[in-house]
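Student: Structure supplied as protein-v6.csv; contents: CSV, C-alpha atoms.
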chain,number,residue,atom,x,y,z
A,293,MET,CA,-82.7,189.0,164.5
A,294,ASP,CA,-85.1,187.6,162.0
A,295,ASP,CA,-87.0,190.8,162.1
A,296,ILE,CA,-83.9,192.9,161.2
A,297,LYS,CA,-83.3,190.6,158.1
A,298,ILE,CA,-86.8,191.1,156.8
A,299,ILE,CA,-86.5,194.9,157.1
A,300,GLN,CA,-83.2,194.9,155.2
A,301,ASN,CA,-84.6,192.7,152.3
A,302,SER,CA,-87.6,195.0,151.9
A,303,ALA,CA,-85.4,198.1,151.8
A,304,MET,CA,-83.2,196.5,149.0
A,305,LEU,CA,-86.3,195.6,147.1
A,306,ASN,CA,-87.5,199.2,147.2
A,307,LEU,CA,-84.1,200.5,146.2
A,308,SER,CA,-84.0,198.3,143.1
A,309,ILE,CA,-87.5,199.4,142.1
A,310,PHE,CA,-86.5,203.1,142.2
A,311,LYS,CA,-83.3,202.3,140.2
A,312,ILE,CA,-85.2,200.6,137.3
A,313,PHE,CA,-88.5,202.5,137.5
A,314,PHE,CA,-87.3,206.1,137.3
A,315,PRO,CA,-84.9,205.7,134.3
A,316,ALA,CA,-87.5,203.6,132.5
A,317,THR,CA,-90.2,206.2,133.1
A,318,SER,CA,-88.0,209.1,131.9
A,319,VAL,CA,-87.0,207.2,128.7
A,320,LEU,CA,-90.6,206.4,128.1
A,321,ILE,CA,-91.6,210.1,128.6
A,322,PHE,CA,-88.8,211.2,126.2
A,323,PHE,CA,-90.0,208.9,123.5
A,324,LEU,CA,-93.6,210.0,124.0
A,325,ILE,CA,-92.6,213.6,123.6
A,326,PHE,CA,-90.4,212.8,120.6
A,327,PHE,CA,-93.1,211.0,118.8
A,328,SER,CA,-95.8,213.6,119.7
A,329,ILE,CA,-93.8,216.5,118.2
A,330,ARG,CA,-92.8,214.6,115.1
A,331,GLY,CA,-96.0,215.4,113.3
A,332,VAL,CA,-95.9,219.1,114.2
A,333,PRO,CA,-94.8,221.3,111.3
A,334,GLU,CA,-92.1,223.2,113.3
A,335,ALA,CA,-90.2,220.0,113.7
A,336,GLU,CA,-90.0,219.7,109.9
A,337,TYR,CA,-88.9,223.3,109.5
A,338,LEU,CA,-86.3,222.9,112.2
A,339,ASN,CA,-84.6,219.7,110.9
A,340,ASN,CA,-84.2,221.3,107.4
A,341,SER,CA,-86.0,218.4,105.7
A,342,ILE,CA,-87.8,221.0,103.5
A,343,PRO,CA,-85.4,222.2,100.7
A,344,ILE,CA,-85.3,225.8,99.5
A,345,VAL,CA,-87.8,225.4,96.8
A,346,ASN,CA,-87.5,227.4,93.6
A,347,GLU,CA,-90.4,225.9,91.8
A,348,PHE,CA,-93.7,227.5,90.9
A,349,ASN,CA,-96.5,227.2,93.4
A,350,SER,CA,-94.1,226.6,96.3
A,351,VAL,CA,-94.2,227.8,99.9
A,352,VAL,CA,-91.2,227.6,102.3
A,353,ILE,CA,-91.6,228.3,106.0
A,354,LYS,CA,-88.3,228.7,107.8
A,355,ASN,CA,-87.1,230.7,110.8
A,356,GLY,CA,-90.1,232.9,111.0
A,357,GLU,CA,-90.2,233.6,107.2
A,358,ILE,CA,-92.6,232.5,104.6
A,359,PHE,CA,-91.4,232.7,101.0
A,360,GLY,CA,-91.8,231.1,97.6
A,361,LEU,CA,-93.4,231.4,94.2
A,362,THR,CA,-97.0,231.5,93.1
A,363,GLN,CA,-98.2,229.5,90.2
A,364,GLU,CA,-98.1,232.8,88.2
A,365,LYS,CA,-94.3,232.9,88.9
A,366,ASP,CA,-94.7,235.9,91.3
A,367,SER,CA,-92.4,235.7,94.2
A,368,PHE,CA,-93.5,236.5,97.7
A,369,TYR,CA,-91.8,237.0,101.1
A,370,PHE,CA,-93.5,237.4,104.5
A,371,THR,CA,-92.0,237.7,107.9
A,372,SER,CA,-93.4,237.8,111.4
A,373,SER,CA,-92.0,238.9,114.7
A,374,ASN,CA,-93.5,235.9,116.3
A,375,ILE,CA,-94.8,232.8,114.7
A,376,LEU,CA,-97.0,230.8,117.0
A,377,TYR,CA,-98.0,227.3,116.1
A,378,ALA,CA,-101.5,226.0,116.8
A,379,ASN,CA,-101.7,222.3,117.6
A,380,LEU,CA,-104.5,220.8,115.7
A,381,PRO,CA,-105.3,217.2,115.3
A,382,THR,CA,-104.6,216.8,111.5
A,383,ILE,CA,-102.1,218.4,109.2
A,384,SER,CA,-104.8,219.8,106.9
A,385,GLU,CA,-106.0,221.9,109.7
A,386,TYR,CA,-102.7,223.3,110.8
A,387,ASN,CA,-102.4,227.1,110.8
A,388,LEU,CA,-99.8,229.5,112.0
A,389,VAL,CA,-100.5,232.6,113.9
A,390,LEU,CA,-98.4,235.4,112.5
A,391,GLU,CA,-97.9,238.5,114.7
A,392,LYS,CA,-96.7,241.8,113.2
A,393,LEU,CA,-96.8,240.4,109.7
A,394,VAL,CA,-94.8,242.3,107.1
A,395,GLY,CA,-94.4,241.1,103.5
A,396,GLN,CA,-94.6,241.6,99.8
A,397,ILE,CA,-95.7,240.0,96.6
A,398,GLU,CA,-93.6,240.9,93.5
A,399,TYR,CA,-96.0,240.8,90.6
A,400,SER,CA,-93.5,242.4,88.3
A,401,GLN,CA,-90.3,244.4,88.6
A,402,GLU,CA,-92.3,247.6,88.8
A,403,ASP,CA,-95.3,246.4,90.7
A,404,ILE,CA,-94.7,245.1,94.2
A,405,LEU,CA,-97.5,244.8,96.7
A,406,PHE,CA,-96.4,245.5,100.3
A,407,ALA,CA,-98.6,244.3,103.1
A,408,LYS,CA,-98.6,244.8,106.8
A,409,SER,CA,-100.9,243.4,109.5
A,410,PRO,CA,-100.7,243.3,113.3
A,411,LYS,CA,-102.0,239.8,113.4
A,412,ALA,CA,-102.6,237.2,110.7
A,413,LYS,CA,-103.1,233.5,110.2
A,414,TYR,CA,-101.4,231.3,107.7
A,415,PHE,CA,-103.4,228.2,106.6
A,416,VAL,CA,-100.9,225.5,105.6
A,417,ASN,CA,-103.1,223.4,103.4
A,418,GLU,CA,-104.9,226.3,101.6
A,419,LYS,CA,-101.6,228.3,101.3
A,420,LYS,CA,-103.5,231.4,102.3
A,421,ILE,CA,-102.8,234.2,104.7
A,422,GLN,CA,-105.9,235.7,106.4
A,423,SER,CA,-105.7,238.9,108.4
A,424,ILE,CA,-108.3,241.1,110.0
A,425,LYS,CA,-106.7,244.5,109.7
A,426,ASN,CA,-104.4,245.4,106.8
A,427,THR,CA,-102.5,248.1,105.1
A,428,PHE,CA,-101.0,247.6,101.7
A,429,TYR,CA,-99.4,249.8,99.0
A,430,ASN,CA,-97.5,249.4,95.7
A,431,ARG,CA,-93.9,250.1,94.9
A,432,ASP,CA,-94.2,253.7,93.8
A,433,GLU,CA,-96.8,254.3,96.5
A,434,SER,CA,-99.3,255.6,93.9
A,435,VAL,CA,-101.9,253.5,95.6
A,436,PHE,CA,-102.3,252.9,99.3
A,437,GLY,CA,-104.9,250.6,100.7
A,438,LYS,CA,-106.6,249.7,104.0
A,439,SER,CA,-108.9,246.8,104.4
A,440,ILE,CA,-110.6,244.4,106.8
A,441,ASN,CA,-110.6,240.7,106.4
A,442,LEU,CA,-107.9,240.4,103.7
A,443,GLU,CA,-107.0,237.1,102.2
A,444,ILE,CA,-103.7,236.7,100.4
A,445,ASN,CA,-103.6,233.5,98.3
A,446,LEU,CA,-100.0,232.4,98.0
A,447,LYS,CA,-101.0,229.8,95.4
A,448,THR,CA,-102.4,232.3,92.9
A,449,GLY,CA,-100.9,235.6,94.3
A,450,SER,CA,-104.4,237.1,94.3
A,451,VAL,CA,-105.5,239.4,97.1
A,452,GLU,CA,-109.1,239.6,98.2
A,453,SER,CA,-110.9,241.6,100.9
A,454,SER,CA,-114.3,240.6,102.1
A,455,GLY,CA,-114.5,243.6,104.4
A,456,PRO,CA,-114.7,247.3,103.8
A,457,SER,CA,-111.7,248.6,101.8
A,458,LEU,CA,-110.3,251.9,101.1
A,459,ILE,CA,-107.9,252.7,98.3
A,460,LEU,CA,-106.1,256.0,98.3
A,461,GLY,CA,-104.1,257.8,95.6
A,462,SER,CA,-102.5,261.2,95.4
A,463,ASN,CA,-105.7,262.8,94.2
A,464,PHE,CA,-108.4,260.1,94.6
A,465,PHE,CA,-109.9,257.5,96.9
A,466,ILE,CA,-112.2,254.6,96.3
A,467,THR,CA,-114.1,252.7,99.0
A,468,SER,CA,-116.2,249.5,98.7
A,469,LYS,CA,-117.4,246.6,100.6
A,470,TYR,CA,-115.4,244.0,98.6
A,471,LEU,CA,-112.0,244.3,96.9
A,472,ASN,CA,-110.1,242.0,94.6
A,473,VAL,CA,-106.6,242.6,93.4
A,474,ILE,CA,-106.4,240.7,90.1
A,475,ASP,CA,-103.8,240.1,87.4
A,476,PRO,CA,-104.5,242.1,84.3
A,477,GLU,CA,-105.5,240.1,81.2
A,478,TYR,CA,-102.9,241.7,79.0
A,479,GLU,CA,-99.1,241.9,79.5
A,480,THR,CA,-97.1,245.1,79.7
A,481,ASP,CA,-93.6,246.0,80.7
A,482,ASP,CA,-94.7,247.6,84.0
A,483,ASN,CA,-97.8,245.5,84.8
A,484,LYS,CA,-99.7,246.8,87.8
A,485,MET,CA,-102.5,244.8,89.3
A,486,VAL,CA,-106.1,245.7,88.6
A,487,LEU,CA,-108.3,246.7,91.5
A,488,GLN,CA,-111.8,245.3,91.3
A,489,PHE,CA,-114.4,246.8,93.7
A,490,ASN,CA,-117.8,245.4,94.4
A,491,ASP,CA,-120.9,246.5,96.4
A,492,GLY,CA,-121.3,250.0,97.6
A,493,VAL,CA,-118.5,251.7,95.6
A,494,HIS,CA,-117.8,255.3,96.3
A,495,ALA,CA,-115.1,257.2,94.6
A,496,SER,CA,-113.7,260.8,94.6
A,497,PHE,CA,-111.3,262.2,92.1
A,498,THR,CA,-109.8,265.7,92.1
A,499,PRO,CA,-109.4,267.1,88.6
A,500,LYS,CA,-106.9,269.8,87.5
A,501,ARG,CA,-109.7,272.2,86.7
B,8,MET,CA,-122.2,281.3,13.6
B,9,PHE,CA,-125.0,280.0,16.0
B,10,LEU,CA,-124.4,276.4,14.9
B,11,ALA,CA,-120.7,276.8,15.5
B,12,GLN,CA,-121.4,277.7,19.2
B,13,VAL,CA,-123.6,274.7,19.9
B,14,PRO,CA,-120.8,272.3,20.9
B,15,ARG,CA,-119.2,274.9,23.1
B,16,PHE,CA,-122.6,275.6,24.8
B,17,ARG,CA,-123.1,271.9,25.4
B,18,LYS,CA,-119.6,271.6,26.9
B,19,TYR,CA,-120.1,274.6,29.2
B,20,SER,CA,-123.6,273.7,30.2
B,21,LYS,CA,-122.3,270.4,31.6
B,22,ILE,CA,-119.7,272.3,33.7
B,23,PHE,CA,-122.4,274.8,34.8
B,24,PHE,CA,-124.7,271.9,35.8
B,25,LEU,CA,-122.0,270.1,37.7
B,26,THR,CA,-121.0,273.3,39.5
B,27,PHE,CA,-124.6,273.9,40.4
B,28,LEU,CA,-124.9,270.4,41.8
B,29,VAL,CA,-121.7,270.8,43.9
B,30,VAL,CA,-122.9,274.2,45.2
B,31,PHE,CA,-126.4,272.8,46.0
B,32,PHE,CA,-125.1,269.8,48.0
B,33,LEU,CA,-122.5,271.9,49.8
B,34,THR,CA,-125.0,274.4,50.9
B,35,ASN,CA,-127.3,271.7,52.0
B,36,ASP,CA,-124.5,270.2,54.1
B,37,VAL,CA,-123.8,273.6,55.7
B,38,SER,CA,-127.4,273.9,56.6
B,39,ALA,CA,-127.3,270.5,58.3
B,40,GLU,CA,-124.4,271.7,60.4
B,41,GLU,CA,-126.3,274.6,61.7
B,42,GLU,CA,-126.4,275.1,65.4
B,43,THR,CA,-129.3,276.1,67.7
B,44,LEU,CA,-128.1,277.9,70.8
B,45,PHE,CA,-129.7,277.8,74.2
B,46,LYS,CA,-128.7,279.9,77.2
B,47,LEU,CA,-128.4,277.7,80.4
B,48,THR,CA,-129.2,278.9,83.9
B,49,PRO,CA,-125.8,280.1,85.2
B,50,VAL,CA,-124.3,277.9,87.8
B,51,THR,CA,-120.7,278.1,89.2
B,52,LEU,CA,-118.3,275.2,89.7
B,53,ALA,CA,-115.7,275.8,92.4
B,54,LYS,CA,-112.1,275.4,91.3
B,55,GLY,CA,-110.7,272.0,92.3
B,56,ALA,CA,-114.2,270.6,93.1
B,57,PRO,CA,-113.8,266.8,93.3
B,58,VAL,CA,-115.7,264.5,91.0
B,59,GLN,CA,-117.8,262.2,93.3
B,60,ILE,CA,-118.9,258.9,92.0
B,61,SER,CA,-121.0,256.1,93.5
B,62,ALA,CA,-121.7,252.8,91.7
B,63,ASP,CA,-122.4,249.1,92.3
B,64,SER,CA,-119.0,247.9,91.0
B,65,ALA,CA,-115.8,249.4,89.8
B,66,LEU,CA,-112.5,248.4,88.1
B,67,TYR,CA,-109.4,250.5,88.5
B,68,ASP,CA,-106.7,249.8,85.9
B,69,GLU,CA,-103.6,252.0,86.6
B,70,ASN,CA,-101.7,250.4,83.6
B,71,GLN,CA,-104.2,251.6,81.0
B,72,GLY,CA,-105.2,254.8,83.0
B,73,PHE,CA,-108.9,254.3,83.4
B,74,ALA,CA,-111.5,253.2,85.9
B,75,ILE,CA,-114.9,251.6,84.9
B,76,PHE,CA,-117.9,252.0,87.1
B,77,LYS,CA,-121.0,249.9,86.5
B,78,GLY,CA,-124.5,249.6,87.9
B,79,ASP,CA,-126.4,252.6,89.2
B,80,VAL,CA,-123.6,255.1,88.5
B,81,ARG,CA,-124.2,258.6,90.0
B,82,VAL,CA,-121.7,261.4,89.4
B,83,GLY,CA,-121.6,264.7,91.2
B,84,HIS,CA,-119.3,267.5,90.2
B,85,GLY,CA,-120.2,270.7,92.0
B,86,PRO,CA,-123.7,271.6,90.8
B,87,TYR,CA,-123.6,269.1,87.9
B,88,LYS,CA,-125.2,265.7,88.4
B,89,ILE,CA,-124.8,262.8,85.9
B,90,ARG,CA,-126.5,259.4,86.1
B,91,GLY,CA,-125.9,256.4,84.0
B,92,LYS,CA,-125.2,252.7,83.9
B,93,HIS,CA,-121.6,252.4,82.5
B,94,LEU,CA,-119.0,255.1,83.1
B,95,LYS,CA,-115.3,255.1,82.1
B,96,VAL,CA,-113.1,257.6,83.8
B,97,VAL,CA,-110.0,258.4,81.7
B,98,PHE,CA,-106.9,259.5,83.7
B,99,ASP,CA,-103.9,261.6,82.6
B,100,VAL,CA,-101.1,259.0,82.6
B,101,THR,CA,-98.6,261.1,80.8
B,102,GLY,CA,-95.3,262.0,82.4
B,103,LYS,CA,-96.6,265.5,83.5
B,104,GLY,CA,-100.0,264.2,84.5
B,105,LYS,CA,-100.6,263.0,88.1
B,106,LYS,CA,-103.3,260.6,87.2
B,107,GLU,CA,-106.0,263.4,87.3
B,108,PRO,CA,-109.3,262.5,85.7
B,109,LEU,CA,-109.5,264.0,82.2
B,110,GLU,CA,-112.7,262.7,80.8
B,111,LEU,CA,-115.9,260.8,81.8
B,112,VAL,CA,-117.3,258.6,79.1
B,113,PHE,CA,-120.8,257.3,79.5
B,114,ILE,CA,-122.5,254.6,77.4
B,115,ASP,CA,-125.7,252.8,77.7
B,116,GLY,CA,-127.9,255.7,78.7
B,117,VAL,CA,-127.1,258.9,80.6
B,118,ILE,CA,-129.0,261.8,82.3
B,119,PHE,CA,-127.3,265.1,82.9
B,120,SER,CA,-128.5,268.0,85.0
B,121,ASN,CA,-127.2,271.3,86.3
B,122,GLY,CA,-130.0,271.7,88.7
B,123,PHE,CA,-132.2,273.6,86.3
B,124,GLU,CA,-131.9,272.1,82.8
B,125,MET,CA,-131.8,268.4,82.0
B,126,GLY,CA,-130.3,266.5,79.2
B,127,LYS,CA,-130.7,262.8,78.3
B,128,SER,CA,-129.0,260.6,75.7
B,129,GLN,CA,-127.5,257.2,75.0
B,130,LYS,CA,-123.9,258.3,75.1
B,131,ALA,CA,-122.1,261.3,76.7
B,132,ASN,CA,-118.5,262.6,77.1
B,133,TYR,CA,-117.7,265.0,79.9
B,134,ASN,CA,-114.3,266.7,79.2
B,135,ILE,CA,-113.5,267.9,82.7
B,136,ALA,CA,-110.4,269.9,81.7
B,137,ASN,CA,-112.3,271.9,79.0
B,138,GLY,CA,-115.7,272.0,80.8
B,139,PHE,CA,-117.6,270.5,77.9
B,140,ILE,CA,-120.3,267.8,78.0
B,141,ILE,CA,-121.4,266.3,74.7
B,142,LEU,CA,-124.6,264.2,74.6
B,143,ARG,CA,-124.9,261.9,71.6
B,144,GLU,CA,-127.7,259.7,70.1
B,145,ASP,CA,-131.3,260.3,70.9
B,146,VAL,CA,-130.7,263.5,72.8
B,147,MET,CA,-133.5,265.0,74.8
B,148,PHE,CA,-133.1,268.5,76.4
B,149,LYS,CA,-135.5,269.9,78.8
B,150,GLN,CA,-135.6,273.6,79.8
B,151,LYS,CA,-138.4,274.7,82.0
B,152,GLU,CA,-141.5,273.2,80.4
B,153,SER,CA,-140.0,273.0,76.9
B,154,VAL,CA,-138.6,269.8,75.5
B,155,PHE,CA,-136.2,269.4,72.5
B,156,PHE,CA,-135.1,266.3,70.7
B,157,GLY,CA,-132.0,266.0,68.5
B,158,GLN,CA,-128.9,264.0,67.8
B,159,THR,CA,-126.1,265.9,69.4
B,160,ALA,CA,-126.1,268.5,72.2
B,161,GLU,CA,-123.0,270.3,73.4
B,162,PHE,CA,-122.9,271.9,76.8
B,163,ASP,CA,-120.3,274.6,77.4
B,164,LEU,CA,-120.1,274.8,81.2
B,165,ASN,CA,-117.7,277.8,81.1
B,166,SER,CA,-120.1,280.0,79.2
B,167,ASN,CA,-123.3,278.2,80.3
B,168,ASN,CA,-124.4,277.7,76.7
B,169,MET,CA,-125.9,274.6,75.1
B,170,SER,CA,-125.9,274.1,71.3
B,171,PHE,CA,-128.0,271.6,69.5
B,172,LYS,CA,-126.6,270.3,66.2
B,173,GLY,CA,-128.6,269.0,63.4
B,174,ARG,CA,-132.3,268.6,63.0
B,175,ILE,CA,-134.4,269.4,66.1
B,176,ASN,CA,-137.9,268.4,67.1
B,177,ALA,CA,-139.3,270.6,69.8
B,178,SER,CA,-142.3,270.7,72.1
B,179,ILE,CA,-142.3,274.3,73.4
B,180,SER,CA,-144.6,275.3,76.3
B,181,THR,CA,-146.4,278.6,76.0
B,182,ASN,CA,-146.2,279.0,79.7
B,183,ASP,CA,-142.4,279.8,79.6
Would you mind writing the file's structure down as structure tokens?
Tutor:
Amino acid sequence: MDDIKIIQNSAMLNLSIFKIFFPATSVLIFFLIFFSIRGVPEAEYLNNSIPIVNEFNSVVIKNGEIFGLTQEKDSFYFTSSNILYANLPTISEYNLVLEKLVGQIEYSQEDILFAKSPKAKYFVNEKKIQSIKNTFYNRDESVFGKSINLEINLKTGSVESSGPSLILGSNFFITSKYLNVIDPEYETDDNKMVLQFNDGVHASFTPKR
Amino acid sequence: MFLAQVPRFRKYSKIFFLTFLVVFFLTNDVSAEEETLFKLTPVTLAKGAPVQISADSALYDENQGFAIFKGDVRVGHGPYKIRGKHLKVVFDVTGKGKKEPLELVFIDGVIFSNGFEMGKSQKANYNIANGFIILREDVMFKQKESVFFGQTAEFDLNSNNMSFKGRINASISTND
């Protein structure tokens, strides 16, 4: 009889441990997950804590879109079919993987640079988009470009390529090792960006004659 | 009678003298503008031949309609070769123009060759549409073994002629 009582007590004890232990563990796991994702940028994007900024030198990342204004007051807009977040230990090292990136920088009403890249990276802290293979062109499609290792600085709006670049027009092409797309020093109504080529420049122009 | 004509003579002599001076200086100017013509070895440039340029650096400004090439600048346009340090390519940015290159402007030293004759100067303008190359400042022109020095040389690539303007110093080889 005594033996039966001992077995019953031990079973009740086990039951009470399961009742307390499992809920407590699940709550603990929930809080651990909650606090671990709090520091990740996507949590901030999703809870709408970042307002739609209309100030200069601003970048907004929301629902797969990156948009804002450079310090030169040029607006930009980029979108990606898939934004992947890389988990890195500190916020300064965060970067976003942008697949099938398509976007534009509007330097002026007449001059808009359109850019496409199959895969690019956005560096949060530096406000820069880096992509390996790129195509870009301006609004009237008078200039079409292809480059390797293109860097789009969303702070300044400048575009720089440290790899071989090709610029094509209707009757010309220019190739070089390095390419910079820079703001002209003067202001005109239909400002177009100036292309600066460095190292191993080769050009071909077809004249009327 | 004779004495009465003296003032009139003095008056007209001044006019004659001034006229003489004007005519003298005018004729001198005309002689300074004299041209010396050279016949270049005929070469043909295919229609629509592209202008090929290689350089160390370049700047393409679509707003202002020009491109600047710097460094070791080498230009090839059919049989014509031009080499310099600073080249400005001027484009046709008018409504009708489709940004075709109109003119090549060299400063800071330039060497031009058609494969047979050679010209060298400080500045040069190559008007692609008209087919004229004008070399300016310290011009040297070499044809076979003869060398000519002057201030301006104008190459007409359509008629394969070259004209030297102004005073010429020459070193002519007797082997030609």
Student: State, in Å with one decimal place, the distance from CA of Thr498 (chain A) to CA of Ser462 (chain A).
Tutor: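 Computing it gives 9.2 Å between the two atoms.
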Student: Nearest to chain A among B:Pro86, B:Pro108, B:Gly122, B:Gly91, with distances taken over all atoms listed in the file: which residue is it?
Tutor: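 The shortest atom-to-atom distance to chain A comes from B:Pro108.
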Student: Check every residue of chain B for an atom within 9 Å of chain A, counting only C-alpha atoms, and provide those that qualify as a count of residues only.
Tutor: 27
Student: What is the distance between CA of Val416 (chain A) and CA of Ile353 (chain A), in Å to one decimal?
Tutor: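 Pair CA of Val416 (chain A) / CA of Ile353 (chain A) returns 9.7 Å.
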Student: Excluding Phe171 (chain B) and residues on its chain fewer than 4 positions from it, collect all residues at most 8 Å away from it, counting only C-alpha atoms, and give them as a PyMOL selection string.
Tutor: chain B and resi 42-45+157-161+175
Student: Find the residues near Asn430 (chain A): any atom within 10 Å, counting all atoms listed in the file, skip ones fewer than 2 places away on the same chain, and give them as a list in words.
Tutor: Gln396, Ile397, Glu398, Glu402, Asp403, Ile404, Leu405, Phe406, Ala407, Phe428, Asp432, Glu433, Ser434, Val435, Phe436, Gly437, Lys484 and Met485 of chain A
Student: Quick check, in Å to one decimal: how far apart do CA of Phe73 (chain B) and CA of Lys130 (chain B) lie?
Tutor: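 Interatomic distance here is 17.6 Å.
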Student: Neighbours of Lys447 (chain A) within 12 Å (only C-alpha atoms; same-chain residues fewer than 6 positions away dropped), as an NGL selection string?
Tutor: :A and (347-351 or 359-368 or 397 or 415-421)
Student: Skip Glu144 (chain B) itself and residues of its chain fewer than 2 positions away, then list as a list in words all residues within 12 Å of it, counting only C-alpha atoms.
Tutor: Phe113, Ile114, Asp115, Gly116, Val117, Gly126, Lys127, Ser128, Gln129, Lys130, Ala131, Asn132, Ile141, Leu142, Val146, Met147, Phe156, Gly157, Gln158, Thr159, Ala160, Phe171, Lys172 and Gly173 of chain B
